[in-house]
$ cat input-v2.txt   # compact mmCIF, C-alpha atoms and all ligand atoms
# COMPACT_ATOMS: atom_id res chain seq x y z
CA MET A 29 -4.26 -3.64 -1.48
CA LYS A 30 -2.90 -6.51 0.50
CA THR A 31 -2.20 -5.98 4.18
CA LEU A 32 1.30 -7.14 5.09
CA ILE A 33 1.55 -5.84 8.66
CA LYS A 34 -1.35 -5.75 11.07
CA ILE A 35 -0.90 -3.84 14.34
CA ARG A 36 -3.59 -4.13 16.99
CA ASP A 37 -4.03 -2.31 20.33
CA LEU A 38 -0.31 -1.90 20.69
CA LYS A 39 0.91 -0.52 23.96
CA LYS A 40 4.42 -0.02 25.30
CA VAL A 41 5.19 1.15 28.79
CA PHE A 42 8.76 1.71 29.90
CA ARG A 43 9.43 1.50 33.60
CA MET A 44 12.15 3.76 34.94
CA GLY A 45 12.38 3.03 38.66
CA GLN A 46 9.08 4.26 40.09
CA GLU A 47 8.15 6.13 36.95
CA LYS A 48 6.22 4.82 33.99
CA VAL A 49 6.60 6.20 30.49
CA VAL A 50 3.74 5.31 28.16
CA ALA A 51 5.56 5.37 24.82
CA LEU A 52 2.77 3.76 22.76
CA ASN A 53 -0.83 4.03 23.80
CA GLY A 54 -3.15 1.89 21.67
CA ILE A 55 -1.82 1.81 18.11
CA ASN A 56 -3.97 0.23 15.39
CA LEU A 57 -2.57 0.24 11.89
CA ASP A 58 -2.56 -1.84 8.72
CA ILE A 59 0.50 -1.49 6.49
CA TYR A 60 0.11 -2.62 2.90
CA GLN A 61 2.43 -4.72 0.82
CA GLY A 62 4.55 -2.47 -1.40
CA GLU A 63 3.69 0.87 0.15
CA VAL A 64 6.10 3.52 1.42
CA LEU A 65 4.71 4.53 4.78
CA CYS A 66 5.98 7.34 6.96
CA LEU A 67 5.62 7.60 10.72
CA LEU A 68 5.79 11.33 11.38
CA GLY A 69 5.96 13.00 14.76
CA THR A 70 8.00 15.25 17.00
CA SER A 71 10.83 13.95 19.15
CA GLY A 72 9.53 11.67 21.92
CA SER A 73 6.21 10.92 20.22
CA GLY A 74 6.93 7.18 20.07
CA LYS A 75 8.04 6.68 16.45
CA SER A 76 11.21 4.71 17.12
CA THR A 77 9.47 2.64 19.77
CA LEU A 78 6.82 1.68 17.22
CA LEU A 79 9.43 0.87 14.59
CA ASN A 80 11.36 -1.27 17.06
CA MET A 81 8.20 -3.22 17.94
CA ILE A 82 7.37 -3.88 14.29
CA ALA A 83 10.95 -4.98 13.62
CA GLY A 84 10.88 -7.28 16.63
CA LEU A 85 13.72 -5.38 18.32
CA ASP A 86 11.61 -4.90 21.44
CA LYS A 87 8.48 -6.53 22.86
CA PRO A 88 5.19 -4.69 23.35
CA THR A 89 3.60 -4.45 26.78
CA LYS A 90 0.25 -5.28 25.21
CA GLY A 91 -1.23 -5.89 21.79
CA SER A 92 -0.09 -7.65 18.66
CA ILE A 93 1.92 -7.28 15.47
CA GLU A 94 1.29 -9.72 12.68
CA ILE A 95 3.55 -9.76 9.64
CA ALA A 96 2.29 -12.03 6.87
CA GLY A 97 0.38 -13.97 9.51
CA ILE A 98 3.34 -14.38 11.89
CA HIS A 99 2.84 -12.94 15.37
CA ILE A 100 6.14 -11.13 15.88
CA GLU A 101 5.47 -10.45 19.56
CA LYS A 102 5.24 -14.18 20.24
CA LEU A 103 8.55 -15.20 18.65
CA ASN A 104 11.48 -15.98 20.90
CA GLU A 105 14.83 -14.25 20.49
CA ALA A 106 16.27 -16.81 18.07
CA GLN A 107 13.13 -16.88 15.93
CA VAL A 108 12.87 -13.12 15.72
CA THR A 109 16.54 -12.81 14.81
CA LYS A 110 16.01 -15.34 12.03
CA PHE A 111 12.90 -13.50 10.90
CA ARG A 112 14.87 -10.26 10.61
CA GLN A 113 17.76 -11.87 8.79
CA LEU A 114 15.42 -13.31 6.19
CA ASN A 115 12.90 -10.52 5.69
CA VAL A 116 14.08 -7.15 6.92
CA GLY A 117 16.61 -4.43 6.06
CA PHE A 118 17.49 -1.36 8.15
CA VAL A 119 18.71 2.14 7.40
CA PHE A 120 19.66 4.15 10.50
CA GLN A 121 20.26 7.82 11.15
CA ALA A 122 23.82 7.14 12.29
CA TYR A 123 24.47 4.58 9.48
CA ASN A 124 25.60 1.89 11.96
CA LEU A 125 28.36 0.58 9.72
CA ILE A 126 31.21 -1.50 11.09
CA GLN A 127 34.20 0.82 11.29
CA GLY A 128 36.87 -1.79 10.65
CA LEU A 129 35.25 -3.10 7.45
CA ASN A 130 35.32 -1.56 3.98
CA ALA A 131 32.16 -0.81 1.99
CA VAL A 132 32.01 -4.19 0.25
CA ASP A 133 32.51 -6.14 3.48
CA ASN A 134 29.92 -4.04 5.35
CA VAL A 135 27.35 -4.80 2.67
CA ALA A 136 28.29 -8.46 2.27
CA LEU A 137 28.29 -9.25 6.00
CA GLY A 138 24.57 -9.92 6.46
CA LEU A 139 24.54 -12.33 3.53
CA ILE A 140 26.60 -14.82 5.52
CA PHE A 141 23.47 -15.70 7.50
CA LYS A 142 21.71 -16.56 4.29
CA GLY A 143 24.22 -19.22 3.43
CA ILE A 144 25.44 -17.45 0.30
CA ASP A 145 29.05 -18.31 -0.59
CA LYS A 146 31.78 -15.71 -0.28
CA LYS A 147 32.31 -15.07 -3.97
CA LYS A 148 28.63 -14.45 -4.57
CA ARG A 149 28.35 -12.28 -1.44
CA GLN A 150 31.15 -10.08 -2.70
CA ALA A 151 29.68 -9.90 -6.20
CA MET A 152 26.24 -8.92 -4.87
CA ALA A 153 27.79 -6.25 -2.64
CA VAL A 154 29.87 -4.79 -5.46
CA GLN A 155 26.85 -4.67 -7.77
CA ILE A 156 24.59 -2.83 -5.36
CA LEU A 157 27.37 -0.43 -4.31
CA LYS A 158 27.69 0.46 -7.99
CA ASP A 159 23.90 0.94 -8.13
CA VAL A 160 24.08 3.47 -5.29
CA GLY A 161 26.91 5.35 -7.00
CA LEU A 162 29.84 4.09 -4.96
CA ALA A 163 31.82 2.24 -7.64
CA THR A 164 34.91 4.23 -6.70
CA ARG A 165 34.53 3.71 -2.95
CA LEU A 166 34.35 -0.08 -2.72
CA LYS A 167 37.43 -0.48 -0.54
CA HIS A 168 36.88 2.59 1.60
CA LYS A 169 36.16 2.24 5.30
CA PRO A 170 33.37 4.29 6.90
CA ASN A 171 35.72 6.94 8.31
CA GLU A 172 37.14 7.45 4.80
CA MET A 173 33.73 8.46 3.42
CA SER A 174 31.35 11.40 3.76
CA GLY A 175 28.06 11.10 5.66
CA GLY A 176 26.11 10.82 2.43
CA GLN A 177 28.44 8.11 1.16
CA GLN A 178 28.18 6.19 4.42
CA GLN A 179 24.41 6.38 4.21
CA ARG A 180 24.59 5.01 0.66
CA VAL A 181 26.64 2.06 1.96
CA SER A 182 23.98 1.48 4.58
CA ILE A 183 21.27 1.66 1.90
CA ALA A 184 23.21 -0.88 -0.14
CA ARG A 185 23.44 -3.10 2.94
CA ALA A 186 19.69 -2.80 3.60
CA PHE A 187 18.69 -3.60 0.02
CA VAL A 188 21.35 -6.06 -1.12
CA ASP A 189 19.19 -9.16 -0.81
CA GLN A 190 15.89 -7.40 -1.56
CA PRO A 191 14.21 -7.93 1.81
CA LYS A 192 10.42 -7.81 1.95
CA ILE A 193 10.47 -4.90 4.41
CA VAL A 194 12.90 -2.03 4.83
CA PHE A 195 12.88 0.17 7.93
CA ALA A 196 14.48 3.60 7.94
CA ASP A 197 14.70 5.53 11.23
CA GLU A 198 15.48 9.21 10.55
CA PRO A 199 17.53 8.26 7.45
CA THR A 200 18.34 11.90 6.67
CA GLY A 201 18.79 13.06 10.26
CA ASN A 202 22.53 13.62 9.92
CA LEU A 203 22.57 14.89 6.33
CA ASP A 204 22.41 18.28 4.63
CA SER A 205 19.32 19.12 2.59
CA LYS A 206 20.78 18.37 -0.85
CA THR A 207 22.12 15.00 0.24
CA SER A 208 18.81 14.27 2.00
CA ILE A 209 16.97 14.66 -1.31
CA GLU A 210 19.39 12.27 -3.03
CA ILE A 211 19.10 9.72 -0.25
CA MET A 212 15.29 9.85 -0.11
CA ASN A 213 14.98 9.46 -3.87
CA MET A 214 17.39 6.55 -3.70
CA ILE A 215 15.66 4.58 -0.94
CA VAL A 216 12.15 5.18 -2.24
CA GLY A 217 13.30 4.34 -5.79
CA MET A 218 14.83 1.06 -4.64
CA ALA A 219 11.76 0.09 -2.64
CA LYS A 220 9.46 0.91 -5.57
CA ASN A 221 11.56 -0.99 -8.07
CA HIS A 222 11.30 -4.20 -6.11
CA ASN A 223 7.82 -3.72 -4.68
CA GLN A 224 9.22 -3.71 -1.16
CA THR A 225 7.35 -2.35 1.81
CA MET A 226 9.16 0.57 3.36
CA ILE A 227 8.55 2.21 6.73
CA ILE A 228 10.27 5.53 7.28
CA VAL A 229 10.39 7.29 10.64
CA THR A 230 10.98 11.03 10.68
CA HIS A 231 10.22 14.26 12.53
CA ASP A 232 10.65 16.17 9.26
CA PRO A 233 7.48 16.92 7.24
CA GLN A 234 9.56 17.33 4.06
CA THR A 235 11.01 13.82 4.37
CA ALA A 236 7.49 12.51 4.96
CA GLU A 237 6.47 13.85 1.54
CA TYR A 238 8.30 10.94 -0.11
CA ALA A 239 5.79 8.48 1.35
CA ASP A 240 2.56 7.12 -0.13
CA ARG A 241 0.93 7.42 3.26
CA ILE A 242 1.75 9.57 6.27
CA VAL A 243 0.83 8.40 9.76
CA GLU A 244 1.14 11.17 12.30
CA ILE A 245 1.96 10.16 15.86
CA LYS A 246 1.65 12.21 18.99
CA ASP A 247 2.08 11.07 22.59
CA GLY A 248 2.09 7.43 21.54
CA LYS A 249 -1.13 7.66 19.55
CA ILE A 250 -2.00 7.96 15.89
CA ILE A 251 -3.66 11.32 15.36
CA GLU A 252 -3.94 11.30 11.58
CA ILE A 253 -3.46 8.96 8.61
CA LYS A 254 -3.38 10.54 5.20
CA ASP A 255 -2.76 9.44 1.65
CA ASN A 256 0.02 11.37 -0.02
CA VAL A 257 1.30 11.94 -3.53
CA SER A 258 4.98 11.14 -3.13
CA ILE A 259 7.48 13.77 -4.28
CA PHE A 260 9.80 10.89 -5.21
CA LYS A 261 11.62 11.64 -8.43
CA GLY A 262 13.32 8.79 -10.12
CA GLU A 263 12.96 6.12 -12.63
CA LYS A 264 10.96 3.05 -11.94
CA LYS A 265 12.89 0.55 -13.93
CA ASP A 266 11.94 -2.96 -14.88
CA ASP A 267 14.46 -5.24 -13.34
CA GLU A 268 14.61 -8.53 -15.15
CA ASP A 269 17.12 -9.91 -12.72
CA GLU A 270 14.89 -9.20 -9.78
CA ASP A 271 14.74 -12.71 -8.44
CA GLU A 272 18.17 -13.80 -9.50
CA ASN A 273 19.74 -13.31 -6.10
CA LYS A 274 16.86 -14.68 -4.11
CA GLU A 275 17.76 -17.80 -2.25
CA GLU A 276 15.33 -20.63 -2.11
CA ASN A 277 14.20 -20.57 1.45
CA ASN A 278 11.56 -22.77 2.90
CA GLU A 279 12.18 -22.02 6.55
CA SER A 280 9.15 -21.00 8.52
CA GLN A 281 10.23 -17.43 9.26
CA ALA A 282 10.56 -16.45 5.61
CA ILE A 283 7.56 -14.47 4.40
P1 LIG B 1 10.72 9.27 18.94
O1 LIG B 1 11.41 8.23 18.16
O2 LIG B 1 9.40 9.65 18.36
O3 LIG B 1 11.57 10.48 19.18
P2 LIG B 1 10.79 7.33 21.08
O4 LIG B 1 9.97 6.22 20.53
O5 LIG B 1 12.26 7.16 21.05
O6 LIG B 1 10.36 8.70 20.38
O7 LIG B 1 10.37 7.59 22.60
C1 LIG B 1 9.02 7.71 23.02
C2 LIG B 1 8.97 7.93 24.52
O8 LIG B 1 9.41 6.77 25.19
C3 LIG B 1 9.87 9.05 25.00
O9 LIG B 1 9.21 9.72 26.06
C4 LIG B 1 11.10 8.34 25.48
O10 LIG B 1 11.73 9.09 26.48
C5 LIG B 1 10.55 7.04 26.00
N1 LIG B 1 11.49 5.93 25.84
C6 LIG B 1 11.96 5.43 24.65
N2 LIG B 1 12.79 4.39 24.86
C7 LIG B 1 12.86 4.23 26.22
C8 LIG B 1 13.56 3.31 27.07
N3 LIG B 1 14.34 2.34 26.58
N4 LIG B 1 13.39 3.46 28.40
C9 LIG B 1 12.59 4.40 28.92
N5 LIG B 1 11.90 5.29 28.18
C10 LIG B 1 12.04 5.21 26.84
MG MG B 2 13.32 8.25 17.27
$ encode --input "input-v2.txt" --output "structure tokens"
Amino acid sequence: MKTLIKIRDLKKVFRMGQEKVVALNGINLDIYQGEVLCLLGTSGSGKSTLLNMIAGLDKPTKGSIEIAGIHIEKLNEAQVTKFRQLNVGFVFQAYNLIQGLNAVDNVALGLIFKGIDKKKRQAMAVQILKDVGLATRLKHKPNEMSGGQQQRVSIARAFVDQPKIVFADEPTGNLDSKTSIEIMNMIVGMAKNHNQTMIIVTHDPQTAEYADRIVEIKDGKIIEIKDNVSIFKGEKKDDEDEDENKEENNESQAI
């Protein structure tokens, strides 16, 4: 298995006035290309902090994160933003959709930064919204959809241009158990179909069961790493059009 993400001696200390909070305390982890990895731990254990470091949303106090040989912690703001635009998709607990935009426009928005023309952006968005079962909700705005539907829009947004890495922070945190099962099967299925690397953060052991590997975190440390047989149920389909929408991109932050 090929290592895609290499985390070494990672430490994060938040300073709150006089107080220090050690959120991450010496994390070492290799994440493999194409795996679905879960960071599991109770509230406050440091999961989101770790995810944010890997995604370049925040800088570590110490240590390093290499993604395909690029030291994320050394990139400046503009470089890290570019890196995310080219390589990363996000699914959040609270969906984080733009309220004033309909489903198609929410999904198509991020494609602007890839220099894809409007017609193609819209076509890509419509296609993936159909794939996630929202063919009849294309023009709906977030507040005109259920939580599960909004999360499917956010999944469509995360996967529309088949990023190398998809991050999901408590993706089922606001959903009922039946919808959670649908959503987990959907995101894991999409990641598997395109050999994407997926990192899921959750406090819920049942959600963790969808992963190929479960990394348990407590007090900012890894306490256990175990291989898992995913409970993912879905079809792995061969997608002949896989690379059709990929833009040629020779910029240095593309991995
Ligand atoms: P989890 O996602 O596992 O619930 P977090 O990574 O959000 O945990 O938080 C880990 C610890 O770091 C907690 O004690 C939290 O209070 C603290 N923490 C997180 N973000 C900040 C911040 N921006 N400022 C200060 N403390 C923070
Ligand atoms: Mg969290």
$ residues_near_ligand --input "input-v2.txt" --ligand "ligand MG 2 (chain B)" --cutoff "9 Å" --atoms "all atoms listed in the file" --output "JSON, numbers by chain"
{"A": [70, 71, 72, 73, 74, 75, 76, 77, 79, 197, 198, 229, 230, 231]}
$ write_last_selection --input "input-v2.txt" --atoms "C-alpha atoms" --output "PDB file, keeping the file's coordinate frame"
ATOM      1  CA  THR A  70       8.000  15.250  17.000  1.00  0.00           C
ATOM      2  CA  SER A  71      10.830  13.950  19.150  1.00  0.00           C
ATOM      3  CA  GLY A  72       9.530  11.670  21.920  1.00  0.00           C
ATOM      4  CA  SER A  73       6.210  10.920  20.220  1.00  0.00           C
ATOM      5  CA  GLY A  74       6.930   7.180  20.070  1.00  0.00           C
ATOM      6  CA  LYS A  75       8.040   6.680  16.450  1.00  0.00           C
ATOM      7  CA  SER A  76      11.210   4.710  17.120  1.00  0.00           C
ATOM      8  CA  THR A  77       9.470   2.640  19.770  1.00  0.00           C
ATOM      9  CA  LEU A  79       9.430   0.870  14.590  1.00  0.00           C
ATOM     10  CA  ASP A 197      14.700   5.530  11.230  1.00  0.00           C
ATOM     11  CA  GLU A 198      15.480   9.210  10.550  1.00  0.00           C
ATOM     12  CA  VAL A 229      10.390   7.290  10.640  1.00  0.00           C
ATOM     13  CA  THR A 230      10.980  11.030  10.680  1.00  0.00           C
ATOM     14  CA  HIS A 231      10.220  14.260  12.530  1.00  0.00           C
TER      15      HIS A 231
END
$ closest_residue --input "input-v2.txt" --among "A:Lys206, A:Lys87, A:Arg165, A:Lys30" --to "Phe42 of chain A" --atoms "all atoms listed in the file"
A:Lys87
$ closest_residue --input "input-v2.txt" --among "A:Ile209, A:Asp240, A:Phe195, A:His168" --to "Lys261 of chain A" --atoms "all atoms listed in the file"
A:Ile209
$ residues_around --input "input-v2.txt" --residues "Gly117 of chain A" --least-positions-apart "2" --cutoff "12 Å" --atoms "all atoms listed in the file" --output "number ranges by chain"
A: 83, 111-115, 119-120, 135, 138-139, 182-197, 215, 219, 224-228
$ closest_residue --input "input-v2.txt" --among "A:Arg43, A:Val257, A:Arg36, A:Val132" --to "Lys148 of chain A" --atoms "all atoms listed in the file"
A:Val132
$ atom_distance --input "input-v2.txt" --atom1 "atom CA of Arg241 of chain A" --atom2 "atom CA of Ile59 of chain A"
9.5 Å
$ closest_residue --input "input-v2.txt" --among "A:Lys167, A:Lys48, A:Arg180, A:Lys39" --to "ligand LIG 1 (chain B)" --atoms "all atoms listed in the file"
A:Lys48
$ closest_residue --input "input-v2.txt" --among "A:Ile95, A:Leu103, A:Thr207, A:Asp247" --to "ligand LIG 1 (chain B)" --atoms "only C-alpha atoms and all ligand atoms"
A:Asp247
$ build_atoms --input "input-v2.txt" --residues "segment 146-157 of chain A" --atoms "N, CA, C and O atoms" --output "PDB file, keeping the file's coordinate frame"
ATOM      1  N   LYS A 146      31.041 -16.967  -0.381  1.00  0.00           N
ATOM      2  CA  LYS A 146      31.780 -15.710  -0.280  1.00  0.00           C
ATOM      3  C   LYS A 146      31.861 -14.966  -1.609  1.00  0.00           C
ATOM      4  O   LYS A 146      31.669 -13.751  -1.672  1.00  0.00           O
ATOM      5  N   LYS A 147      32.146 -15.700  -2.662  1.00  0.00           N
ATOM      6  CA  LYS A 147      32.310 -15.070  -3.970  1.00  0.00           C
ATOM      7  C   LYS A 147      31.030 -14.366  -4.401  1.00  0.00           C
ATOM      8  O   LYS A 147      31.047 -13.234  -4.889  1.00  0.00           O
ATOM      9  N   LYS A 148      29.925 -15.038  -4.185  1.00  0.00           N
ATOM     10  CA  LYS A 148      28.630 -14.450  -4.570  1.00  0.00           C
ATOM     11  C   LYS A 148      28.284 -13.271  -3.670  1.00  0.00           C
ATOM     12  O   LYS A 148      27.757 -12.264  -4.144  1.00  0.00           O
ATOM     13  N   ARG A 149      28.607 -13.388  -2.374  1.00  0.00           N
ATOM     14  CA  ARG A 149      28.350 -12.280  -1.440  1.00  0.00           C
ATOM     15  C   ARG A 149      29.070 -11.017  -1.910  1.00  0.00           C
ATOM     16  O   ARG A 149      28.515  -9.934  -1.940  1.00  0.00           O
ATOM     17  N   GLN A 150      30.343 -11.219  -2.266  1.00  0.00           N
ATOM     18  CA  GLN A 150      31.150 -10.080  -2.700  1.00  0.00           C
ATOM     19  C   GLN A 150      30.594  -9.492  -3.998  1.00  0.00           C
ATOM     20  O   GLN A 150      30.499  -8.278  -4.158  1.00  0.00           O
ATOM     21  N   ALA A 151      30.201 -10.367  -4.910  1.00  0.00           N
ATOM     22  CA  ALA A 151      29.680  -9.900  -6.200  1.00  0.00           C
ATOM     23  C   ALA A 151      28.371  -9.123  -6.011  1.00  0.00           C
ATOM     24  O   ALA A 151      28.157  -8.078  -6.637  1.00  0.00           O
ATOM     25  N   MET A 152      27.508  -9.618  -5.131  1.00  0.00           N
ATOM     26  CA  MET A 152      26.240  -8.920  -4.870  1.00  0.00           C
ATOM     27  C   MET A 152      26.507  -7.552  -4.254  1.00  0.00           C
ATOM     28  O   MET A 152      25.866  -6.550  -4.600  1.00  0.00           O
ATOM     29  N   ALA A 153      27.467  -7.508  -3.313  1.00  0.00           N
ATOM     30  CA  ALA A 153      27.790  -6.250  -2.640  1.00  0.00           C
ATOM     31  C   ALA A 153      28.350  -5.235  -3.625  1.00  0.00           C
ATOM     32  O   ALA A 153      27.949  -4.064  -3.635  1.00  0.00           O
ATOM     33  N   VAL A 154      29.272  -5.690  -4.479  1.00  0.00           N
ATOM     34  CA  VAL A 154      29.870  -4.790  -5.460  1.00  0.00           C
ATOM     35  C   VAL A 154      28.792  -4.239  -6.394  1.00  0.00           C
ATOM     36  O   VAL A 154      28.752  -3.036  -6.677  1.00  0.00           O
ATOM     37  N   GLN A 155      27.899  -5.106  -6.844  1.00  0.00           N
ATOM     38  CA  GLN A 155      26.850  -4.670  -7.770  1.00  0.00           C
ATOM     39  C   GLN A 155      25.979  -3.580  -7.152  1.00  0.00           C
ATOM     40  O   GLN A 155      25.730  -2.539  -7.761  1.00  0.00           O
ATOM     41  N   ILE A 156      25.518  -3.812  -5.929  1.00  0.00           N
ATOM     42  CA  ILE A 156      24.590  -2.830  -5.360  1.00  0.00           C
ATOM     43  C   ILE A 156      25.323  -1.538  -4.968  1.00  0.00           C
ATOM     44  O   ILE A 156      24.762  -0.455  -5.064  1.00  0.00           O
ATOM     45  N   LEU A 157      26.602  -1.656  -4.591  1.00  0.00           N
ATOM     46  CA  LEU A 157      27.370  -0.430  -4.310  1.00  0.00           C
ATOM     47  C   LEU A 157      27.522   0.399  -5.583  1.00  0.00           C
ATOM     48  O   LEU A 157      27.495   1.628  -5.548  1.00  0.00           O
TER      49      LEU A 157
END
